[in-house]
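Q: Structure file my_file33.cif, mmCIF, C-alpha atoms, is pasted below:
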```cif
data_start
#
loop_
_atom_site.label_atom_id
_atom_site.label_comp_id
_atom_site.auth_asym_id
_atom_site.auth_seq_id
_atom_site.Cartn_x
_atom_site.Cartn_y
_atom_site.Cartn_z
CA PRO A 120 47.06 39.51 124.16
CA ALA A 121 43.35 39.35 123.41
CA GLU A 122 43.08 43.15 123.57
CA ILE A 123 45.51 43.53 120.67
CA ALA A 124 43.84 40.69 118.78
CA GLN A 125 40.79 42.97 118.69
CA ILE A 126 42.80 45.59 116.83
CA ALA A 127 44.22 42.94 114.49
CA TYR A 128 40.66 41.84 113.70
CA TRP A 129 40.06 45.18 111.93
CA ASN A 130 43.63 45.76 110.72
CA LYS A 131 44.76 42.36 109.51
CA LYS A 132 47.38 43.34 106.96
CA ALA A 133 49.11 45.87 109.23
CA ALA A 134 48.88 43.85 112.45
CA TYR A 135 49.83 40.48 110.95
CA GLY A 136 52.76 42.05 109.13
CA LEU A 137 53.93 43.57 112.41
CA LEU A 138 53.55 40.19 114.11
CA PHE A 139 55.91 38.66 111.55
CA ARG A 140 58.48 41.46 111.82
CA ALA A 141 58.49 41.75 115.60
CA SER A 142 58.81 38.00 116.22
CA ALA A 143 61.62 37.60 113.67
CA GLN A 144 63.51 40.64 114.97
CA THR A 145 63.16 39.35 118.52
CA VAL A 146 64.82 36.02 117.75
CA THR A 147 67.59 37.45 115.56
CA THR A 148 68.40 40.17 118.12
CA ILE A 149 68.59 37.88 121.16
CA ALA A 150 70.51 35.21 119.25
CA ALA A 151 73.09 37.77 118.08
CA ASP A 152 73.72 38.95 121.67
CA PRO A 153 77.19 37.68 122.71
CA LYS A 154 75.76 36.98 126.20
CA ARG A 155 73.21 34.58 124.67
CA MET A 156 74.46 32.81 121.56
CA GLY A 157 76.37 35.40 119.57
CA ALA A 158 75.28 33.99 116.23
CA ARG A 159 73.36 34.94 113.10
CA VAL A 160 70.37 32.62 112.97
CA GLY A 161 67.63 31.92 110.44
CA MET A 162 64.00 30.97 110.73
CA THR A 163 60.85 30.09 108.82
CA SER A 164 57.64 31.64 110.17
CA VAL A 165 54.05 30.55 109.50
CA LEU A 166 51.04 32.64 110.49
CA HIS A 167 48.02 31.04 112.15
CA THR A 168 44.95 33.09 113.03
CA TRP A 169 42.62 30.49 114.52
CA GLY A 170 42.05 28.47 117.63
CA SER A 171 40.43 25.05 117.73
CA ALA A 172 36.96 26.62 118.02
CA LEU A 173 37.62 28.88 114.98
CA THR A 174 37.98 31.92 117.23
CA HIS A 175 40.36 34.72 116.31
CA HIS A 176 43.76 33.82 117.78
CA PRO A 177 46.62 35.21 115.64
CA HIS A 178 50.04 33.72 116.41
CA ILE A 179 53.27 32.71 114.69
CA HIS A 180 54.72 29.22 114.41
CA MET A 181 58.47 29.50 113.91
CA ILE A 182 61.07 26.85 113.16
CA ALA A 183 64.76 27.66 113.55
CA PRO A 184 68.01 25.66 113.33
CA GLY A 185 69.71 24.97 116.66
CA GLY A 186 72.46 27.50 116.12
CA GLY A 187 73.82 29.98 113.62
CA LEU A 188 76.86 31.45 111.92
CA SER A 189 79.44 33.47 113.81
CA PRO A 190 79.40 37.22 112.99
CA ASP A 191 82.36 36.80 110.61
CA GLY A 192 80.78 33.72 109.00
CA THR A 193 83.75 31.43 109.72
CA ARG A 194 82.23 29.21 112.45
CA TRP A 195 79.00 27.44 113.24
CA ILE A 196 77.83 28.25 116.77
CA GLY A 197 75.43 25.69 118.19
CA CYS A 198 72.97 26.35 120.99
CA LYS A 199 73.12 24.49 124.29
CA PRO A 200 71.69 20.95 124.18
CA GLY A 201 67.91 21.19 124.59
CA PHE A 202 68.00 24.98 125.01
CA PHE A 203 67.71 27.59 122.27
CA LEU A 204 67.08 31.03 123.81
CA HIS A 205 65.59 32.18 127.12
CA VAL A 206 61.83 32.51 126.66
CA ARG A 207 61.48 35.23 129.32
CA VAL A 208 64.03 37.39 127.53
CA LEU A 209 62.34 36.70 124.20
CA SER A 210 58.95 37.60 125.67
CA ARG A 211 60.08 40.97 127.03
CA LEU A 212 61.77 42.06 123.79
CA PHE A 213 58.86 40.80 121.68
CA ARG A 214 56.44 42.82 123.80
CA ARG A 215 58.50 46.00 123.45
CA LEU A 216 59.07 45.66 119.70
CA PHE A 217 55.43 44.88 118.97
CA LEU A 218 54.05 47.76 121.04
CA GLN A 219 56.55 50.15 119.47
CA GLY A 220 55.51 48.97 116.03
CA LEU A 221 51.84 49.35 116.94
CA MET A 222 52.41 52.95 118.03
CA GLU A 223 54.20 53.66 114.76
CA LEU A 224 51.32 52.18 112.75
CA HIS A 225 48.97 54.46 114.69
CA ARG A 226 51.10 57.56 113.97
CA GLU A 227 51.12 56.67 110.27
CA GLY A 228 47.33 56.43 110.25
CA ARG A 229 47.36 52.77 109.28
CA LEU A 230 45.02 51.59 112.05
CA THR A 231 41.25 51.91 112.11
CA PHE A 232 38.94 51.46 115.11
CA PHE A 233 35.24 50.71 115.44
CA GLY A 234 32.58 50.21 118.07
CA LYS A 235 33.62 50.63 121.68
CA LEU A 236 37.26 51.12 120.61
CA ALA A 237 36.52 54.00 118.24
CA GLY A 238 37.98 56.46 120.76
CA LEU A 239 41.43 54.88 120.30
CA ALA A 240 41.83 56.86 117.09
CA ASP A 241 43.13 59.62 119.38
CA ALA A 242 46.89 59.22 119.90
CA GLY A 243 46.78 60.03 123.62
CA ALA A 244 43.91 57.65 124.30
CA PHE A 245 45.68 54.91 122.36
CA ALA A 246 48.94 55.32 124.32
CA THR A 247 47.02 55.22 127.61
CA TRP A 248 45.12 52.12 126.51
CA LEU A 249 48.37 50.32 125.70
CA GLY A 250 49.82 51.13 129.15
CA PRO A 251 48.63 47.99 131.00
CA LEU A 252 49.76 45.78 128.12
CA ARG A 253 53.35 46.87 128.74
CA LYS A 254 53.29 45.26 132.19
CA ILE A 255 51.65 41.88 131.61
CA GLU A 256 53.53 38.80 130.43
CA TRP A 257 53.36 37.98 126.71
CA VAL A 258 53.50 34.33 125.73
CA VAL A 259 56.54 32.94 123.93
CA TYR A 260 56.81 29.16 123.87
CA ALA A 261 59.92 27.31 122.69
CA LYS A 262 60.88 23.66 122.77
CA PRO A 263 63.16 21.25 120.89
CA PRO A 264 61.45 18.77 118.54
CA PHE A 265 60.86 15.48 120.33
CA GLY A 266 61.14 13.45 117.13
CA GLY A 267 64.10 15.28 115.62
CA PRO A 268 64.23 17.75 112.72
CA GLU A 269 62.23 15.51 110.39
CA ALA A 270 59.32 15.39 112.83
CA VAL A 271 59.12 19.14 113.33
CA LEU A 272 59.35 19.79 109.59
CA ALA A 273 56.56 17.28 108.98
CA TYR A 274 54.47 18.94 111.71
CA LEU A 275 54.92 22.42 110.29
CA SER A 276 54.38 21.32 106.70
CA ARG A 277 50.89 20.11 107.59
CA TYR A 278 49.96 23.67 108.53
CA THR A 279 51.50 25.68 105.72
CA HIS A 280 48.44 25.67 103.46
CA ARG A 281 45.75 24.45 105.84
CA VAL A 282 42.53 26.41 106.24
CA ALA A 283 40.88 27.12 109.57
CA ILE A 284 39.17 23.72 109.80
CA SER A 285 39.76 20.43 108.00
CA ASN A 286 37.02 18.15 106.70
CA ASN A 287 37.84 15.35 109.14
CA ARG A 288 36.80 17.59 112.05
CA LEU A 289 33.33 18.13 110.62
CA ILE A 290 30.59 15.89 112.01
CA SER A 291 27.44 17.24 110.40
CA ALA A 292 26.17 20.31 108.60
CA ASP A 293 22.82 21.57 107.37
CA ALA A 294 21.10 24.90 106.80
CA HIS A 295 20.72 25.47 110.56
CA THR A 296 23.63 23.90 112.45
CA VAL A 297 27.24 22.81 111.92
CA ALA A 298 28.84 20.35 114.37
CA PHE A 299 32.57 19.72 114.58
CA HIS A 300 35.26 18.36 116.88
CA TRP A 301 37.39 20.82 118.85
CA LYS A 302 39.96 20.72 121.66
CA ASP A 303 39.49 22.70 124.84
CA TYR A 304 43.05 23.59 125.85
CA ARG A 305 41.83 24.97 129.16
CA ILE A 306 41.48 21.35 130.29
CA LYS A 307 44.89 20.45 131.72
CA SER A 308 44.51 16.66 131.73
CA GLY A 309 42.27 13.98 130.32
CA ASP A 310 40.38 14.05 127.05
CA ARG A 311 40.23 17.59 125.66
CA ARG A 312 38.15 16.69 122.64
CA SER A 313 34.48 17.57 122.55
CA VAL A 314 31.81 18.53 120.04
CA MET A 315 30.85 22.11 119.28
CA ARG A 316 27.59 23.01 117.56
CA LEU A 317 27.23 26.42 115.96
CA ALA A 318 24.43 28.05 114.04
CA THR A 319 25.38 27.88 110.37
CA PRO A 320 25.67 31.69 109.92
CA GLU A 321 27.95 31.85 112.98
CA PHE A 322 30.11 29.02 111.64
CA ILE A 323 30.47 30.85 108.32
CA ARG A 324 31.32 34.08 110.16
CA ARG A 325 34.06 32.39 112.18
CA PHE A 326 35.48 30.69 109.10
CA LEU A 327 35.64 33.94 107.14
CA ILE A 328 37.53 35.67 109.95
CA HIS A 329 40.60 33.71 108.85
CA VAL A 330 40.57 34.72 105.20
CA LEU A 331 43.81 36.68 104.77
CA PRO A 332 44.11 39.99 102.92
CA ASP A 333 44.66 39.68 99.19
CA GLY A 334 48.30 38.95 98.36
CA PHE A 335 49.35 38.46 102.00
CA HIS A 336 52.11 35.84 102.47
CA ARG A 337 51.55 33.61 105.49
CA ILE A 338 54.93 31.85 105.15
CA ARG A 339 58.07 33.99 105.44
CA HIS A 340 61.79 33.37 105.86
CA TYR A 341 64.25 35.50 107.83
CA GLY A 342 67.94 35.74 108.70
CA LEU A 343 70.09 33.00 107.21
CA LEU A 344 67.02 31.53 105.51
CA ALA A 345 65.96 34.75 103.78
CA SER A 346 65.30 34.01 100.13
CA SER A 347 68.00 36.28 98.69
CA THR A 348 70.88 34.68 100.63
CA ARG A 349 69.51 31.27 101.59
CA ARG A 350 71.38 29.19 99.00
CA ALA A 351 74.79 30.72 99.78
CA ASN A 352 74.25 30.52 103.53
CA ILE A 353 73.17 26.88 103.47
CA THR A 354 76.17 25.97 101.31
CA ARG A 355 78.53 27.67 103.79
CA ILE A 356 76.86 26.00 106.78
CA ARG A 357 77.10 22.55 105.17
CA ALA A 358 80.80 23.11 104.57
CA LEU A 359 81.41 24.20 108.18
CA LEU A 360 79.49 21.20 109.51
CA CYS A 361 81.10 18.84 106.96
CA VAL A 362 77.67 17.80 105.77
CA GLN A 363 77.10 16.88 102.15
CA SER A 364 74.16 18.19 100.25
CA PRO A 365 71.48 15.49 99.99
CA GLU A 366 71.27 13.91 96.58
CA GLN A 367 68.10 14.66 94.70
CA PRO A 368 66.42 11.45 93.50
CA ALA A 369 65.94 11.19 89.80
CA ALA A 370 62.40 11.92 88.70
CA PRO A 371 60.65 8.71 87.65
CA GLN A 372 59.72 8.48 84.00
CA PRO A 373 55.96 8.51 83.51
CA GLU A 374 54.57 5.24 82.23
CA VAL A 375 52.42 5.24 79.15
CA GLU A 376 48.87 4.62 80.24
CA VAL A 377 47.06 1.96 78.27
CA ILE A 378 43.40 2.78 77.79
CA PRO A 379 40.95 0.34 76.19
CA LEU A 380 38.77 1.63 73.42
CA THR A 381 35.60 0.41 75.17
CA LEU A 382 35.34 1.05 78.88
CA ARG A 383 34.29 -1.80 81.13
CA GLU A 384 31.81 0.26 83.12
CA PRO A 385 28.51 1.04 81.41
CA CYS A 386 27.02 4.50 81.45
CA PRO A 387 25.55 5.09 84.93
CA CYS A 388 22.54 6.83 83.41
CA CYS A 389 21.29 4.49 80.69
CA GLY A 390 23.45 1.38 81.01
CA SER A 391 24.81 1.63 77.45
CA PRO A 392 28.49 0.83 76.75
CA MET A 393 30.84 3.85 76.86
CA ARG A 394 33.45 4.20 74.13
CA ILE A 395 36.51 6.41 73.88
CA VAL A 396 36.07 8.88 71.08
CA GLU A 397 39.45 10.55 71.35
CA ILE A 398 42.78 9.93 73.14
CA PHE A 399 45.46 12.54 73.76
CA ARG A 400 48.13 12.91 76.41
CA ARG A 401 48.56 15.83 78.79
CA GLY A 402 50.27 18.74 77.03
CA GLN A 403 49.30 17.53 73.54
CA LYS A 404 46.54 18.77 71.30
CA PRO A 405 43.49 16.57 70.75
CA MET A 406 43.62 14.38 67.66
CA SER A 407 41.25 15.17 64.84
CA ARG A 408 39.83 11.65 64.67
CA ALA A 409 39.30 8.63 66.90
CA PRO A 410 42.50 6.55 67.33
CA PRO A 411 42.84 3.15 65.64
CA ARG A 412 42.17 0.12 67.79
CA GLU A 413 45.83 -0.95 67.84
CA GLN A 414 46.75 2.35 69.55
CA ALA A 415 44.24 1.73 72.30
CA ALA A 416 45.05 -1.95 72.82
#
```
Would you write out, as structure tokens, the structure that this file holds?
A:
Amino acid sequence: PAEIAQIAYWNKKAAYGLLFRASAQTVTTIAADPKRMGARVGMTSVLHTWGSALTHHPHIHMIAPGGGLSPDGTRWIGCKPGFFLHVRVLSRLFRRLFLQGLMELHREGRLTFFGKLAGLADAGAFATWLGPLRKIEWVVYAKPPFGGPEAVLAYLSRYTHRVAISNNRLISADAHTVAFHWKDYRIKSGDRRSVMRLATPEFIRRFLIHVLPDGFHRIRHYGLLASSTRRANITRIRALLCVQSPEQPAAPQPEVEVIPLTLREPCPCCGSPMRIVEIFRRGQKPMSRAPPREQAA
């Protein structure tokens, strides 16, 4: 909810860390319930903090296999076709876990408040303020990949190291105004794309909102895909599904680059011919003298 995003704005490390933990615990708990799937699942989570207009909108993108291991690790339990876990159940548990975690952060003194929310430093006032947020619906969205596993992996991989805005969305920029494309998701049909123009200081302010705390990891793995047990778990799952490990293609041998002694292009400044004074390959030390012509031919 936007109200909690305000708190996360001032407490990024604590709030974003809680967002990771609560979302992962929600999925693993519901999936392990015998009434739901009764399996140990794994997931990869990626943190996003921005909306299309560079506003502060922290949320988690999560990708999970369509099933998991049985509690004793002897069977693979697949989810129902086209259905992973009930989003309403996920939403309710996520809400409870996150609000509990937020209260614990407050008790530990790990939250700070400013401006009109400064009064929330008091424990009683904070608990009262959270009251309405326990009754509204929190958004959890889940769907199967339309293009198969490869498509969803390709989609997520484009976001793993992306910053808040890519260059191809920028239209113009000068000392006064920055213009860029954005999508208005409030429009339910038709063309959502439009142009937003912001004063340059405001554009810089919005961009810097999404700089993460130093050392904070925005990609994390949980459950079966946790780093410490991932290799063993994947090996077991492949065996249960009778799937062979994909063969790794041999790395191509780098070709020796042939460089002429005299470059074809003249110097862009004076028009004189440009000559190679020294040749050395990556990882090697420079040679002490210019190479003979036969080496450069």
Q: Kindly provide the residues of region 277-377 of chain A that approach region 169-183 of chain A to within 7 Å, each paired with its closest atom pair and their distance in Å to one decimal, based on all atoms listed in the file, listed by chain and increasing number, as JSON lines.
A:
```
{"residue": "A:Ala283", "atom": "CA", "partner": "A:Trp169", "partner_atom": "CA", "distance": 6.2}
{"residue": "A:Trp301", "atom": "CA", "partner": "A:Ser171", "partner_atom": "CA", "distance": 5.3}
{"residue": "A:Lys302", "atom": "CA", "partner": "A:Ser171", "partner_atom": "CA", "distance": 5.9}
{"residue": "A:Arg325", "atom": "CA", "partner": "A:Leu173", "partner_atom": "CA", "distance": 5.7}
{"residue": "A:Phe326", "atom": "CA", "partner": "A:Leu173", "partner_atom": "CA", "distance": 6.5}
{"residue": "A:His329", "atom": "CA", "partner": "A:Trp169", "partner_atom": "CA", "distance": 6.8}
```
Q: Name the residues that the PyMOL selection byres ((chain A and resi 133) around 10) pulls out of this structure, and write them as a ChimeraX atom specification.
A: /A:126-127,129-132,134-138,220-221,224,229-230,332
Q: Here is a test: counting only C-alpha atoms, which residue of A:Lys262, A:Arg214, A:His336, A:Lys235 is nearest to Leu249 (chain A)?
A: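 Smallest distance to Leu249 (chain A) is found for A:Arg214.
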Q: Translate the PyMOL selection byres ((chain A and resi 148) around 12) into a concrete residue list for this structure, as a PyMOL selection string.
A: chain A and resi 140-147+149-161+204+208-209+212-213+216+342
Q: In Å to one decimal, how far is CA of Arg281 (chain A) from CA of Ile338 (chain A)?
A: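 According to the coordinates, CA of Ile338 (chain A) and CA of Arg281 (chain A) are separated by 11.8 Å.
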Q: Mind giving me the straight-line distance from CA of Ser347 (chain A) to CA of Lys199 (chain A) in Å, one decimal?
A: 28.6 Å
Q: When you count all atoms listed in the file, which of these residues is closest to Phe322 (chain A): A:Leu289, A:Ala237, A:Leu344, A:Cys198?
A: A:Leu289
Q: What separation in Å, quoted to one decimal, exists between CA of Thr279 (chain A) and CA of Val165 (chain A)?
A: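 CA of Val165 (chain A) lies at a distance of 6.7 Å from CA of Thr279 (chain A).
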Q: With only C-alpha atoms as the basis for distance, which of A:Leu236, A:Ala345, A:Ile323, A:Met162 is at the shortest distance from Pro184 (chain A)?
A: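 The answer is A:Met162, which sits nearest to Pro184 (chain A).
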Q: I'd like to see the residues matched by the PyMOL selection byres ((chain A and resi 201) around 12) on this file, and ideally I'd get them as JSON, numbers by chain.
A: {"A": [185, 186, 197, 198, 199, 200, 202, 203, 204, 205, 261, 262, 263, 264, 265, 267]}
Q: Could you give me, as a list in words, the residues that have an atom at most 10 Å away from the point (51.5, 43.3, 127.5) in the coordinates of the file, using only C-alpha atoms?
A: Pro120, Ala121, Glu122, Ile123, Ser210, Arg211, Phe213, Arg214, Arg215, Phe217, Leu218, Leu249, Gly250, Pro251, Leu252, Arg253, Lys254, Ile255, Glu256, Trp257 and Val258 of chain A
Q: Using C-alpha atoms, can you export the residues from the last selection as a compact mmCIF listing (two decimals), in the coordinates of the input?
A:
```txt
# COMPACT_ATOMS: atom_id res chain seq x y z
CA PRO A 120 47.06 39.51 124.16
CA ALA A 121 43.35 39.35 123.41
CA GLU A 122 43.08 43.15 123.57
CA ILE A 123 45.51 43.53 120.67
CA SER A 210 58.95 37.60 125.67
CA ARG A 211 60.08 40.97 127.03
CA PHE A 213 58.86 40.80 121.68
CA ARG A 214 56.44 42.82 123.80
CA ARG A 215 58.50 46.00 123.45
CA PHE A 217 55.43 44.88 118.97
CA LEU A 218 54.05 47.76 121.04
CA LEU A 249 48.37 50.32 125.70
CA GLY A 250 49.82 51.13 129.15
CA PRO A 251 48.63 47.99 131.00
CA LEU A 252 49.76 45.78 128.12
CA ARG A 253 53.35 46.87 128.74
CA LYS A 254 53.29 45.26 132.19
CA ILE A 255 51.65 41.88 131.61
CA GLU A 256 53.53 38.80 130.43
CA TRP A 257 53.36 37.98 126.71
CA VAL A 258 53.50 34.33 125.73
```
Q: Mind working out the centre and edge lengths of an axis-aligned box for region 293-308 of chain A, all listed atoms inside, 5 Å added to each side, rounded to one decimal in Å and written as AutoDock Vina command-line options?
A:
```
--center_x 32.8 --center_y 21.1 --center_z 119.3 --size_x 34.2 --size_y 18.8 --size_z 34.9
```
Q: Between A:Val259, A:Arg312, A:Ala298, A:Gly228, which residue has the minimum interatomic distance to Ala240 (chain A), considering all atoms listed in the file?
A: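 Among the listed residues, A:Gly228 lies closest to Ala240 (chain A).
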Q: With distances taken over all atoms listed in the file, which of A:Ala244, A:Leu188, A:Val314, A:Leu239 is nearest to Ile356 (chain A)?
A: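 Ranked by minimum distance to Ile356 (chain A), first place goes to A:Leu188.
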